[in-house]
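S.K.: See input31.pdb below, with PDB, C-alpha atoms and all ligand atoms.
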```
ATOM      1  CA  MET A   1     -14.177  41.018 -34.185
ATOM      2  CA  PRO A   2     -14.955  44.556 -33.009
ATOM      3  CA  ALA A   3     -14.902  45.333 -29.285
ATOM      4  CA  ALA A   4     -17.850  44.737 -26.963
ATOM      5  CA  THR A   5     -19.377  41.973 -29.044
ATOM      6  CA  THR A   6     -20.842  38.688 -27.909
ATOM      7  CA  SER A   7     -19.629  35.368 -29.295
ATOM      8  CA  PHE A   8     -20.923  31.853 -28.751
ATOM      9  CA  VAL A   9     -18.725  28.767 -29.176
ATOM     10  CA  GLN A  10     -20.685  25.511 -29.333
ATOM     11  CA  GLY A  11     -18.561  22.440 -28.423
ATOM     12  CA  ALA A  12     -15.942  24.076 -26.234
ATOM     13  CA  SER A  13     -14.831  21.423 -23.734
ATOM     14  CA  ARG A  14     -11.570  20.599 -25.550
ATOM     15  CA  GLY A  15      -9.736  20.648 -28.880
ATOM     16  CA  LEU A  16     -10.508  23.464 -31.311
ATOM     17  CA  GLY A  17     -13.555  24.704 -29.399
ATOM     18  CA  LEU A  18     -11.582  25.294 -26.211
ATOM     19  CA  GLU A  19      -8.940  27.148 -28.240
ATOM     20  CA  PHE A  20     -11.583  29.356 -29.906
ATOM     21  CA  VAL A  21     -12.756  30.398 -26.441
ATOM     22  CA  ARG A  22      -9.205  31.050 -25.280
ATOM     23  CA  GLN A  23      -8.405  33.256 -28.288
ATOM     24  CA  LEU A  24     -11.723  35.111 -28.280
ATOM     25  CA  LEU A  25     -11.130  36.033 -24.643
ATOM     26  CA  ALA A  26      -7.520  36.994 -25.337
ATOM     27  CA  VAL A  27      -7.911  39.154 -28.441
ATOM     28  CA  ASN A  28     -10.914  41.144 -27.402
ATOM     29  CA  ASP A  29     -10.983  42.645 -23.925
ATOM     30  CA  GLY A  30     -14.508  44.027 -24.097
ATOM     31  CA  ALA A  31     -16.146  40.930 -25.495
ATOM     32  CA  SER A  32     -18.469  38.471 -23.810
ATOM     33  CA  VAL A  33     -17.998  34.832 -24.697
ATOM     34  CA  PHE A  34     -20.577  32.123 -24.163
ATOM     35  CA  ALA A  35     -19.286  28.567 -24.488
ATOM     36  CA  SER A  36     -21.287  25.376 -24.421
ATOM     37  CA  CYS A  37     -20.447  21.755 -23.783
ATOM     38  CA  ARG A  38     -22.205  18.532 -22.821
ATOM     39  CA  ASN A  39     -20.800  18.285 -19.311
ATOM     40  CA  PRO A  40     -19.692  21.653 -17.904
ATOM     41  CA  GLU A  41     -18.820  20.054 -14.576
ATOM     42  CA  ASN A  42     -16.183  17.858 -16.281
ATOM     43  CA  ALA A  43     -14.749  20.560 -18.542
ATOM     44  CA  ALA A  44     -11.830  21.486 -16.293
ATOM     45  CA  GLU A  45      -9.898  23.643 -18.771
ATOM     46  CA  LEU A  46     -13.007  25.576 -19.777
ATOM     47  CA  GLN A  47     -13.863  26.150 -16.103
ATOM     48  CA  SER A  48     -10.332  27.380 -15.551
ATOM     49  CA  LEU A  49     -10.720  29.909 -18.405
ATOM     50  CA  LYS A  50     -13.992  31.012 -16.844
ATOM     51  CA  SER A  51     -12.401  31.613 -13.457
ATOM     52  CA  GLN A  52      -9.737  33.824 -15.097
ATOM     53  CA  SER A  53     -12.178  35.735 -17.318
ATOM     54  CA  SER A  54     -13.503  38.368 -14.880
ATOM     55  CA  GLY A  55     -17.049  37.325 -15.708
ATOM     56  CA  ARG A  56     -16.619  37.594 -19.479
ATOM     57  CA  LEU A  57     -16.966  33.834 -20.081
ATOM     58  CA  ARG A  58     -20.229  32.093 -19.318
ATOM     59  CA  ILE A  59     -20.740  28.359 -19.767
ATOM     60  CA  LEU A  60     -23.936  26.764 -21.072
ATOM     61  CA  LYS A  61     -24.870  23.090 -21.009
ATOM     62  CA  LEU A  62     -25.709  21.843 -24.515
ATOM     63  CA  ASP A  63     -25.652  18.410 -26.121
ATOM     64  CA  VAL A  64     -26.356  18.716 -29.849
ATOM     65  CA  SER A  65     -27.995  15.309 -29.889
ATOM     66  CA  ASP A  66     -30.635  16.517 -27.397
ATOM     67  CA  GLU A  67     -32.667  19.362 -28.940
ATOM     68  CA  LYS A  68     -34.195  20.356 -25.581
ATOM     69  CA  THR A  69     -30.741  21.345 -24.334
ATOM     70  CA  ILE A  70     -30.206  23.487 -27.460
ATOM     71  CA  LEU A  71     -33.499  25.282 -26.855
ATOM     72  CA  GLU A  72     -32.680  25.804 -23.174
ATOM     73  CA  ALA A  73     -29.172  27.135 -23.895
ATOM     74  CA  ALA A  74     -30.584  29.537 -26.507
ATOM     75  CA  LYS A  75     -33.093  30.882 -23.963
ATOM     76  CA  GLN A  76     -30.336  31.400 -21.402
ATOM     77  CA  LEU A  77     -28.127  33.264 -23.864
ATOM     78  CA  GLU A  78     -30.981  35.407 -25.172
ATOM     79  CA  GLU A  79     -31.919  36.445 -21.620
ATOM     80  CA  GLN A  80     -28.398  37.848 -21.235
ATOM     81  CA  ASP A  81     -27.788  39.248 -24.703
ATOM     82  CA  GLU A  82     -30.169  39.498 -27.625
ATOM     83  CA  ARG A  83     -27.472  40.412 -30.143
ATOM     84  CA  VAL A  84     -24.709  37.939 -30.946
ATOM     85  CA  SER A  85     -21.961  38.730 -33.455
ATOM     86  CA  LEU A  86     -20.449  35.285 -33.845
ATOM     87  CA  ILE A  87     -21.694  31.734 -33.416
ATOM     88  CA  ILE A  88     -19.170  28.942 -34.057
ATOM     89  CA  ASN A  89     -20.318  25.323 -34.149
ATOM     90  CA  VAL A  90     -17.295  23.229 -33.301
ATOM     91  CA  ALA A  91     -18.643  19.949 -31.889
ATOM     92  CA  GLY A  92     -17.868  17.037 -34.161
ATOM     93  CA  VAL A  93     -17.202  13.307 -34.088
ATOM     94  CA  LEU A  94     -15.098  11.049 -36.290
ATOM     95  CA  HIS A  95     -14.764   8.041 -33.999
ATOM     96  CA  GLY A  96     -16.370   6.975 -30.756
ATOM     97  CA  PRO A  97     -17.300   4.008 -28.636
ATOM     98  CA  GLY A  98     -17.740   1.092 -31.034
ATOM     99  CA  PHE A  99     -17.117   2.967 -34.278
ATOM    100  CA  SER A 100     -14.328   4.458 -36.363
ATOM    101  CA  PRO A 101     -14.075   5.634 -39.991
ATOM    102  CA  GLU A 102     -15.060   2.906 -42.450
ATOM    103  CA  LYS A 103     -12.429   1.646 -44.884
ATOM    104  CA  LYS A 104     -14.992  -0.321 -46.901
ATOM    105  CA  LEU A 105     -18.719  -0.815 -47.344
ATOM    106  CA  ALA A 106     -18.821  -3.897 -45.113
ATOM    107  CA  GLN A 107     -17.901  -1.692 -42.136
ATOM    108  CA  VAL A 108     -20.828   0.702 -42.597
ATOM    109  CA  SER A 109     -23.329   0.578 -39.710
ATOM    110  CA  SER A 110     -26.599   2.414 -39.227
ATOM    111  CA  GLN A 111     -25.696   3.070 -35.596
ATOM    112  CA  ALA A 112     -22.450   4.862 -36.511
ATOM    113  CA  LEU A 113     -24.106   6.746 -39.387
ATOM    114  CA  ARG A 114     -26.766   8.048 -36.999
ATOM    115  CA  ALA A 115     -24.258   8.997 -34.304
ATOM    116  CA  VAL A 116     -21.985  10.891 -36.697
ATOM    117  CA  PHE A 117     -24.736  12.627 -38.698
ATOM    118  CA  GLU A 118     -26.490  13.620 -35.481
ATOM    119  CA  VAL A 119     -23.524  15.618 -34.207
ATOM    120  CA  ASN A 120     -21.813  16.794 -37.402
ATOM    121  CA  ALA A 121     -24.786  17.570 -39.644
ATOM    122  CA  PHE A 122     -27.922  17.892 -37.520
ATOM    123  CA  GLY A 123     -26.117  19.703 -34.676
ATOM    124  CA  PRO A 124     -25.269  22.995 -36.443
ATOM    125  CA  LEU A 125     -28.687  23.078 -38.132
ATOM    126  CA  LEU A 126     -30.549  22.713 -34.832
ATOM    127  CA  VAL A 127     -28.294  25.333 -33.265
ATOM    128  CA  ALA A 128     -29.247  27.635 -36.155
ATOM    129  CA  LYS A 129     -32.928  26.880 -35.544
ATOM    130  CA  HIS A 130     -32.786  28.000 -31.915
ATOM    131  CA  PHE A 131     -30.084  30.699 -32.011
ATOM    132  CA  HIS A 132     -30.562  32.494 -35.349
ATOM    133  CA  ARG A 133     -32.815  35.184 -33.855
ATOM    134  CA  MET A 134     -29.785  36.531 -32.025
ATOM    135  CA  LEU A 135     -27.971  37.097 -35.352
ATOM    136  CA  ARG A 136     -30.807  39.233 -36.708
ATOM    137  CA  HIS A 137     -29.659  42.764 -35.939
ATOM    138  CA  ASP A 138     -28.175  45.779 -37.691
ATOM    139  CA  ARG A 139     -24.511  44.774 -37.233
ATOM    140  CA  ARG A 140     -22.440  42.214 -39.133
ATOM    141  CA  SER A 141     -22.756  38.707 -37.708
ATOM    142  CA  VAL A 142     -21.233  35.346 -38.610
ATOM    143  CA  PHE A 143     -22.640  31.837 -38.167
ATOM    144  CA  ALA A 144     -19.736  29.424 -38.758
ATOM    145  CA  SER A 145     -19.609  25.621 -38.582
ATOM    146  CA  LEU A 146     -16.475  23.528 -38.461
ATOM    147  CA  SER A 147     -16.594  21.394 -41.566
ATOM    148  CA  ALA A 148     -13.813  19.398 -43.259
ATOM    149  CA  ARG A 149     -12.329  19.263 -46.736
ATOM    150  CA  ILE A 150     -13.256  15.588 -46.715
ATOM    151  CA  GLY A 151     -16.903  16.687 -47.038
ATOM    152  CA  SER A 152     -16.195  18.072 -50.509
ATOM    153  CA  ILE A 153     -17.755  15.797 -53.155
ATOM    154  CA  SER A 154     -15.493  17.075 -55.949
ATOM    155  CA  ASP A 155     -12.370  16.533 -53.802
ATOM    156  CA  ASN A 156     -13.180  12.891 -52.976
ATOM    157  CA  ARG A 157     -10.534  10.750 -54.656
ATOM    158  CA  LEU A 158      -9.832   8.143 -51.950
ATOM    159  CA  GLY A 159     -13.309   6.982 -50.894
ATOM    160  CA  GLY A 160     -13.949   5.462 -47.461
ATOM    161  CA  TRP A 161     -14.996   7.311 -44.283
ATOM    162  CA  TYR A 162     -18.649   7.129 -45.359
ATOM    163  CA  ALA A 163     -20.261   8.491 -42.209
ATOM    164  CA  TYR A 164     -17.847  11.387 -41.656
ATOM    165  CA  ARG A 165     -17.670  12.399 -45.340
ATOM    166  CA  GLY A 166     -21.429  12.182 -45.731
ATOM    167  CA  SER A 167     -22.116  14.093 -42.525
ATOM    168  CA  LYS A 168     -19.821  16.967 -43.500
ATOM    169  CA  ALA A 169     -21.266  17.093 -47.037
ATOM    170  CA  ALA A 170     -24.739  17.263 -45.471
ATOM    171  CA  GLN A 171     -23.555  19.953 -43.071
ATOM    172  CA  ASN A 172     -22.256  21.970 -46.042
ATOM    173  CA  MET A 173     -25.637  21.685 -47.760
ATOM    174  CA  PHE A 174     -27.336  22.896 -44.567
ATOM    175  CA  THR A 175     -24.877  25.823 -44.461
ATOM    176  CA  LYS A 176     -25.819  26.802 -48.017
ATOM    177  CA  THR A 177     -29.560  26.365 -47.416
ATOM    178  CA  LEU A 178     -29.421  28.329 -44.164
ATOM    179  CA  SER A 179     -27.491  31.122 -45.900
ATOM    180  CA  ILE A 180     -30.359  31.528 -48.376
ATOM    181  CA  GLU A 181     -33.009  31.737 -45.655
ATOM    182  CA  LEU A 182     -31.003  34.093 -43.429
ATOM    183  CA  GLY A 183     -30.157  36.168 -46.505
ATOM    184  CA  ARG A 184     -33.854  37.034 -46.632
ATOM    185  CA  VAL A 185     -34.529  37.679 -42.946
ATOM    186  CA  ALA A 186     -31.097  38.623 -41.547
ATOM    187  CA  PRO A 187     -29.106  40.240 -44.371
ATOM    188  CA  ASN A 188     -26.181  41.138 -42.083
ATOM    189  CA  ALA A 189     -25.626  37.493 -41.119
ATOM    190  CA  ILE A 190     -22.898  35.595 -43.003
ATOM    191  CA  VAL A 191     -23.177  31.793 -42.882
ATOM    192  CA  ILE A 192     -20.009  29.796 -43.605
ATOM    193  CA  GLY A 193     -18.309  26.435 -43.141
ATOM    194  CA  LEU A 194     -14.660  26.222 -42.087
ATOM    195  CA  HIS A 195     -11.988  23.581 -42.730
ATOM    196  CA  PRO A 196      -9.358  23.820 -39.974
ATOM    197  CA  GLY A 197      -6.662  21.671 -41.619
ATOM    198  CA  THR A 198      -5.428  18.540 -39.886
ATOM    199  CA  VAL A 199      -5.100  19.599 -36.262
ATOM    200  CA  ASP A 200      -3.525  17.800 -33.332
ATOM    201  CA  THR A 201      -6.617  17.026 -31.222
ATOM    202  CA  GLY A 202      -8.384  13.954 -29.878
ATOM    203  CA  LEU A 203     -10.399  13.714 -33.090
ATOM    204  CA  SER A 204      -7.388  13.295 -35.380
ATOM    205  CA  GLU A 205      -5.095  11.549 -32.883
ATOM    206  CA  PRO A 206      -5.661   7.928 -34.093
ATOM    207  CA  PHE A 207      -5.054   9.006 -37.722
ATOM    208  CA  GLN A 208      -1.961  11.158 -37.415
ATOM    209  CA  ASN A 209       0.499   8.499 -38.636
ATOM    210  CA  GLY A 210       1.655   9.498 -42.071
ATOM    211  CA  VAL A 211       0.651  13.155 -41.691
ATOM    212  CA  PRO A 212       3.842  15.165 -42.359
ATOM    213  CA  LYS A 213       4.839  17.165 -39.262
ATOM    214  CA  GLU A 214       4.424  20.492 -41.047
ATOM    215  CA  LYS A 215       0.870  19.540 -42.056
ATOM    216  CA  LEU A 216      -0.270  18.687 -38.525
ATOM    217  CA  PHE A 217      -1.299  22.016 -37.050
ATOM    218  CA  THR A 218      -1.558  23.034 -33.424
ATOM    219  CA  PRO A 219      -5.013  24.191 -32.304
ATOM    220  CA  GLU A 220      -3.441  27.632 -31.675
ATOM    221  CA  TYR A 221      -2.315  27.989 -35.294
ATOM    222  CA  SER A 222      -5.529  26.687 -36.837
ATOM    223  CA  VAL A 223      -7.815  28.834 -34.672
ATOM    224  CA  THR A 224      -5.735  31.975 -35.309
ATOM    225  CA  ARG A 225      -6.106  31.368 -39.041
ATOM    226  CA  LEU A 226      -9.835  30.588 -38.793
ATOM    227  CA  LEU A 227     -10.551  33.734 -36.755
ATOM    228  CA  ALA A 228      -8.786  35.725 -39.490
ATOM    229  CA  VAL A 229     -11.025  34.079 -42.087
ATOM    230  CA  ILE A 230     -14.103  34.886 -39.975
ATOM    231  CA  SER A 231     -12.995  38.532 -39.763
ATOM    232  CA  ASP A 232     -12.472  38.765 -43.523
ATOM    233  CA  VAL A 233     -15.629  37.183 -44.936
ATOM    234  CA  THR A 234     -18.298  39.442 -46.409
ATOM    235  CA  SER A 235     -21.903  38.978 -47.443
ATOM    236  CA  THR A 236     -20.767  37.719 -50.867
ATOM    237  CA  ASP A 237     -19.180  34.718 -49.105
ATOM    238  CA  THR A 238     -22.312  33.507 -47.370
ATOM    239  CA  GLY A 239     -23.128  29.849 -47.977
ATOM    240  CA  LYS A 240     -19.522  28.875 -48.796
ATOM    241  CA  VAL A 241     -16.879  26.768 -47.044
ATOM    242  CA  PHE A 242     -13.367  28.159 -46.502
ATOM    243  CA  ASP A 243     -10.143  26.541 -45.368
ATOM    244  CA  PHE A 244      -7.706  27.933 -42.789
ATOM    245  CA  ARG A 245      -5.975  29.952 -45.555
ATOM    246  CA  GLY A 246      -9.214  31.626 -46.604
ATOM    247  CA  ASP A 247      -9.424  29.617 -49.840
ATOM    248  CA  GLU A 248     -12.841  28.306 -50.787
ATOM    249  CA  VAL A 249     -13.388  24.545 -50.464
ATOM    250  CA  LEU A 250     -15.523  23.674 -53.471
ATOM    251  CA  PRO A 251     -18.622  21.509 -52.918
TER     252      PRO A 251
HETATM  253  N1  LIG B   1      -8.858  17.929 -35.736
HETATM  254  C1  LIG B   1      -8.867  17.865 -37.055
HETATM  255  O1  LIG B   1      -7.869  17.481 -37.694
HETATM  256  C2  LIG B   1     -10.084  18.290 -37.835
HETATM  257  C3  LIG B   1     -10.005  18.276 -39.229
HETATM  258  C4  LIG B   1     -11.127  18.672 -39.975
HETATM  259  C5  LIG B   1     -12.286  19.072 -39.319
HETATM  260  N2  LIG B   1     -12.325  19.060 -37.945
HETATM  261  C6  LIG B   1     -13.590  19.456 -37.319
HETATM  262  O2  LIG B   1     -13.331  20.401 -36.302
HETATM  263  C7  LIG B   1     -14.293  20.268 -35.246
HETATM  264  C8  LIG B   1     -13.578  20.184 -33.904
HETATM  265  O3  LIG B   1     -12.796  19.021 -33.882
HETATM  266  P1  LIG B   1     -11.658  18.781 -32.785
HETATM  267  O4  LIG B   1     -10.479  18.325 -33.542
HETATM  268  O5  LIG B   1     -11.566  19.946 -31.864
HETATM  269  O6  LIG B   1     -12.294  17.523 -32.031
HETATM  270  P2  LIG B   1     -12.169  17.010 -30.504
HETATM  271  O7  LIG B   1     -10.927  17.525 -29.870
HETATM  272  O8  LIG B   1     -12.405  15.545 -30.586
HETATM  273  O9  LIG B   1     -13.407  17.742 -29.812
HETATM  274  C9  LIG B   1     -14.709  17.398 -30.198
HETATM  275  C10 LIG B   1     -15.665  18.260 -29.421
HETATM  276  O10 LIG B   1     -17.003  17.920 -29.827
HETATM  277  C11 LIG B   1     -17.774  17.796 -28.644
HETATM  278  N3  LIG B   1     -18.938  16.949 -28.841
HETATM  279  C12 LIG B   1     -18.993  15.681 -29.308
HETATM  280  N4  LIG B   1     -20.259  15.231 -29.310
HETATM  281  C13 LIG B   1     -21.026  16.242 -28.838
HETATM  282  C14 LIG B   1     -22.411  16.415 -28.593
HETATM  283  N5  LIG B   1     -23.300  15.423 -28.803
HETATM  284  N6  LIG B   1     -22.851  17.606 -28.128
HETATM  285  C15 LIG B   1     -21.994  18.615 -27.882
HETATM  286  N7  LIG B   1     -20.654  18.507 -28.062
HETATM  287  C16 LIG B   1     -20.184  17.340 -28.532
HETATM  288  C17 LIG B   1     -16.808  17.193 -27.627
HETATM  289  O11 LIG B   1     -17.328  17.318 -26.324
HETATM  290  P3  LIG B   1     -17.040  16.240 -25.138
HETATM  291  O12 LIG B   1     -15.788  16.705 -24.458
HETATM  292  O13 LIG B   1     -18.259  16.301 -24.303
HETATM  293  O14 LIG B   1     -16.867  14.888 -25.794
HETATM  294  C18 LIG B   1     -15.586  18.053 -27.907
HETATM  295  O15 LIG B   1     -15.682  19.309 -27.282
HETATM  296  C19 LIG B   1     -15.141  19.047 -35.599
HETATM  297  O16 LIG B   1     -16.359  19.469 -36.174
HETATM  298  C20 LIG B   1     -14.292  18.314 -36.606
HETATM  299  O17 LIG B   1     -15.054  17.527 -37.496
HETATM  300  C21 LIG B   1     -11.260  18.696 -37.193
END
```
Output the file's structure in the form of structure tokens.

M.R.:
Amino acid sequence: MPAATTSFVQGASRGLGLEFVRQLLAVNDGASVFASCRNPENAAELQSLKSQSSGRLRILKLDVSDEKTILEAAKQLEEQDERVSLIINVAGVLHGPGFSPEKKLAQVSSQALRAVFEVNAFGPLLVAKHFHRMLRHDRRSVFASLSARIGSISDNRLGGWYAYRGSKAAQNMFTKTLSIELGRVAPNAIVIGLHPGTVDTGLSEPFQNGVPKEKLFTPEYSVTRLLAVISDVTSTDTGKVFDFRGDEVLP
């Protein structure tokens, strides 16, 4: 991204989000970075980045399952900078207390469906609702959401993982729909989904058995690749999902 821009990373306490913040601070000396998480007081690594950032990193409290916190975080960011060049939605869930990916229909539960859709699908859309004004300016801007290849309907050959697959497919539809609306009111804004590959984080940790070593990426590698994709996309790419190589993931 060009110098002296403002970026916002949503879901930055750990995993890929934390690494996005680290790399955005490292590659771009003039840039401001806003990072949000549910519990800033517990996000020790993010706080440590903040203390080393000479004021360039500011932390916002935001839980995507609580719309009031999204509204409040948007107000706080807008008070400090009305023009944002990059918003990255990273927060996502695959497993949590009392649920994990379903292997068969009998394991589907409404509680898990709600929990997973709320973060993975509704989260980025509600962030768009409250933050999109800051992308409406005369410079290029990107609104990116971490998706997953598993959300591709045409790529689904194995079945299973109903909640996660469905939530990412829904997120991709929201990405496309948002791209059409922003195309009318904010023509410099590019809206994309991103597949990071299989990355060694808490989200993938219980499912890493059987992933060949060379296909399990570090957060450093994946985020470097994704930031390159973000730099390369143009207005003709809006509404699409890209993997860490820059190849389109078909719906
Ligand atoms: N890792 C992979 O292999 C992989 C593959 C494909 C796609 N992805 C996608 O990449 C994204 C990042 O995944 P990751 O691997 O970095 O996962 P991770 O290490 O498990 O981190 C998940 C992040 O989401 C945040 N989060 C969860 N619920 C939230 C909520 N209600 N509000 C705000 N933040 C919330 C967590 O915050 P707390 O610390 O507060 O829990 C944490 O920062 C996800 O969207 C995931 O679906 C990952």

S.K.: Measure the distance from CA of Ile150 in chain A to CA of Leu105 in chain A in Å and round it to one decimal.

M.R.: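 Separation of CA of Ile150 in chain A and CA of Leu105 in chain A: 17.3 Å.
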
S.K.: Let me know the residues the PyMOL selection byres (((chain A and resi 10) around 9) and not hetatm) catches in the file above, as a list in words.

M.R.: Phe8, Val9, Gly11, Ala12, Gly17, Phe34, Ala35, Ser36, Cys37, Leu60, Leu62, Val64, Ile87, Ile88, Asn89, Val90, Ala91, Pro124 and Val127 of chain A

S.K.: Could you give me, as a tab-separated table (two decimals) with C-alpha atoms, keeping the file's coordinate frame, every polymer residue with an atom at most 7 Å away from an atom of ligand LIG 1 (chain B), counting all atoms listed in the file?

M.R.:
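Listing of out06.tsv after writing:
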```
chain	number	residue	atom	x	y	z
A	11	GLY	CA	-18.56	22.44	-28.42
A	12	ALA	CA	-15.94	24.08	-26.23
A	13	SER	CA	-14.83	21.42	-23.73
A	14	ARG	CA	-11.57	20.60	-25.55
A	15	GLY	CA	-9.74	20.65	-28.88
A	16	LEU	CA	-10.51	23.46	-31.31
A	17	GLY	CA	-13.56	24.70	-29.40
A	37	CYS	CA	-20.45	21.76	-23.78
A	38	ARG	CA	-22.20	18.53	-22.82
A	39	ASN	CA	-20.80	18.28	-19.31
A	62	LEU	CA	-25.71	21.84	-24.52
A	63	ASP	CA	-25.65	18.41	-26.12
A	64	VAL	CA	-26.36	18.72	-29.85
A	65	SER	CA	-28.00	15.31	-29.89
A	90	VAL	CA	-17.30	23.23	-33.30
A	91	ALA	CA	-18.64	19.95	-31.89
A	92	GLY	CA	-17.87	17.04	-34.16
A	93	VAL	CA	-17.20	13.31	-34.09
A	94	LEU	CA	-15.10	11.05	-36.29
A	119	VAL	CA	-23.52	15.62	-34.21
A	120	ASN	CA	-21.81	16.79	-37.40
A	146	LEU	CA	-16.48	23.53	-38.46
A	147	SER	CA	-16.59	21.39	-41.57
A	148	ALA	CA	-13.81	19.40	-43.26
A	149	ARG	CA	-12.33	19.26	-46.74
A	195	HIS	CA	-11.99	23.58	-42.73
A	196	PRO	CA	-9.36	23.82	-39.97
A	197	GLY	CA	-6.66	21.67	-41.62
A	198	THR	CA	-5.43	18.54	-39.89
A	199	VAL	CA	-5.10	19.60	-36.26
A	200	ASP	CA	-3.52	17.80	-33.33
A	201	THR	CA	-6.62	17.03	-31.22
A	202	GLY	CA	-8.38	13.95	-29.88
A	203	LEU	CA	-10.40	13.71	-33.09
A	204	SER	CA	-7.39	13.30	-35.38
```

S.K.: For Leu178 in chain A, please output as a ChimeraX atom specification all residues within 12 Å (counting only C-alpha atoms; exclusion window: fewer than 4 positions along the same chain).

M.R.: /A:124-129,132,143-145,171-174,182-187,189-193,238-240

S.K.: Taking all atoms listed in the file into account, which of A:Val116, A:Ile59, A:Leu135, A:Ala26 comes nearest His95 in chain A?

M.R.: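 Looking at the shortest contact to His95 in chain A, the residue is A:Val116.
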
S.K.: What's the separation between CA of Ser32 in chain A and CA of Arg56 in chain A, in Å to one decimal place?

M.R.: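 We find that CA of Ser32 in chain A and CA of Arg56 in chain A lie 4.8 Å from each other.
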
S.K.: Just the residues within 10 Å of Gln47 in chain A, please, counting all atoms listed in the file, with nothing from its chain fewer than 4 positions along; format it as a list in words.

M.R.: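 Non-adjacent residues within range: Ser13, Pro40, Glu41, Asn42, Ala43, Ser51, Gln52, Ser53, Leu57, Arg58 and Ile59 of chain A.
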
S.K.: Using CA of Trp161 in chain A and CA of Arg225 in chain A as the two end points, give the distance in Å to one decimal.

M.R.: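 Computing it gives 26.2 Å between the two atoms.
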
S.K.: Could you give me, as a PDB file with C-alpha atoms, in the coordinates of the input, the residues that have an atom at most 12 Å away from the point (-3.9, 29.4, -28.0) in the coordinates of the file, using only C-alpha atoms?

M.R.:
```pdb
ATOM      1  CA  ARG A  14     -11.570  20.599 -25.550  1.00  0.00           C
ATOM      2  CA  GLY A  15      -9.736  20.648 -28.880  1.00  0.00           C
ATOM      3  CA  LEU A  16     -10.508  23.464 -31.311  1.00  0.00           C
ATOM      4  CA  GLY A  17     -13.555  24.704 -29.399  1.00  0.00           C
ATOM      5  CA  LEU A  18     -11.582  25.294 -26.211  1.00  0.00           C
ATOM      6  CA  GLU A  19      -8.940  27.148 -28.240  1.00  0.00           C
ATOM      7  CA  PHE A  20     -11.583  29.356 -29.906  1.00  0.00           C
ATOM      8  CA  VAL A  21     -12.756  30.398 -26.441  1.00  0.00           C
ATOM      9  CA  ARG A  22      -9.205  31.050 -25.280  1.00  0.00           C
ATOM     10  CA  GLN A  23      -8.405  33.256 -28.288  1.00  0.00           C
ATOM     11  CA  LEU A  24     -11.723  35.111 -28.280  1.00  0.00           C
ATOM     12  CA  LEU A  25     -11.130  36.033 -24.643  1.00  0.00           C
ATOM     13  CA  ALA A  26      -7.520  36.994 -25.337  1.00  0.00           C
ATOM     14  CA  VAL A  27      -7.911  39.154 -28.441  1.00  0.00           C
ATOM     15  CA  LEU A  49     -10.720  29.909 -18.405  1.00  0.00           C
ATOM     16  CA  PHE A 217      -1.299  22.016 -37.050  1.00  0.00           C
ATOM     17  CA  THR A 218      -1.558  23.034 -33.424  1.00  0.00           C
ATOM     18  CA  PRO A 219      -5.013  24.191 -32.304  1.00  0.00           C
ATOM     19  CA  GLU A 220      -3.441  27.632 -31.675  1.00  0.00           C
ATOM     20  CA  TYR A 221      -2.315  27.989 -35.294  1.00  0.00           C
ATOM     21  CA  SER A 222      -5.529  26.687 -36.837  1.00  0.00           C
ATOM     22  CA  VAL A 223      -7.815  28.834 -34.672  1.00  0.00           C
ATOM     23  CA  THR A 224      -5.735  31.975 -35.309  1.00  0.00           C
ATOM     24  CA  ARG A 225      -6.106  31.368 -39.041  1.00  0.00           C
ATOM     25  CA  LEU A 227     -10.551  33.734 -36.755  1.00  0.00           C
TER      26      LEU A 227
END
```

S.K.: Rank nothing, just name the residue among A:Pro206, A:Asp247, A:Tyr162, A:Leu77 nearest to Ala106 in chain A, using only C-alpha atoms.

M.R.: A:Tyr162

S.K.: With only C-alpha atoms as the atoms that count, which of A:Lys50, A:Lys68, A:Arg133, A:Arg114 lies nearest to Gly166 in chain A?

M.R.: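 Looking only at the distances to Gly166 in chain A, the closest residue turns out to be A:Arg114.
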
S.K.: Anything within 6 Å of (-25.4, 16.6, -41.0): list those residues as a list in words, counting all atoms listed in the file and sticking to the file's coordinates.

M.R.: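 Protein, DNA and RNA residues close to (-25.4, 16.6, -41.0): Phe117, Asn120, Ala121, Phe122, Ser167, Ala170 and Gln171 of chain A.
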
S.K.: Taking 4 positions as the minimum chain separation for residues in the same chain, which residues sit within 9 Å of range 98-101 of chain A when counting only C-alpha atoms? Answer as a list in words.

M.R.: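 The residues satisfying every condition are Leu94, Gln107, Val108, Ser109, Gln111, Ala112, Gly160, Trp161, Tyr162, Ala163 and Tyr164 of chain A.
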
S.K.: Mind writing the picked residues with C-alpha atoms as an mmCIF file, in the frame of the given file?

M.R.:
```cif
data_model
loop_
_atom_site.group_PDB
_atom_site.id
_atom_site.type_symbol
_atom_site.label_atom_id
_atom_site.label_comp_id
_atom_site.auth_asym_id
_atom_site.auth_seq_id
_atom_site.Cartn_x
_atom_site.Cartn_y
_atom_site.Cartn_z
ATOM 1 C CA LEU A 94 -15.098 11.049 -36.290
ATOM 2 C CA GLN A 107 -17.901 -1.692 -42.136
ATOM 3 C CA VAL A 108 -20.828 0.702 -42.597
ATOM 4 C CA SER A 109 -23.329 0.578 -39.710
ATOM 5 C CA GLN A 111 -25.696 3.070 -35.596
ATOM 6 C CA ALA A 112 -22.450 4.862 -36.511
ATOM 7 C CA GLY A 160 -13.949 5.462 -47.461
ATOM 8 C CA TRP A 161 -14.996 7.311 -44.283
ATOM 9 C CA TYR A 162 -18.649 7.129 -45.359
ATOM 10 C CA ALA A 163 -20.261 8.491 -42.209
ATOM 11 C CA TYR A 164 -17.847 11.387 -41.656
#
```

S.K.: Could you tell me which of A:Phe242, A:Lys104, A:Glu45, A:Glu205 comes closest to Leu158 in chain A if we count all atoms listed in the file?

M.R.: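 Nearest candidate to Leu158 in chain A out of A:Phe242, A:Lys104, A:Glu45, A:Glu205: A:Lys104.
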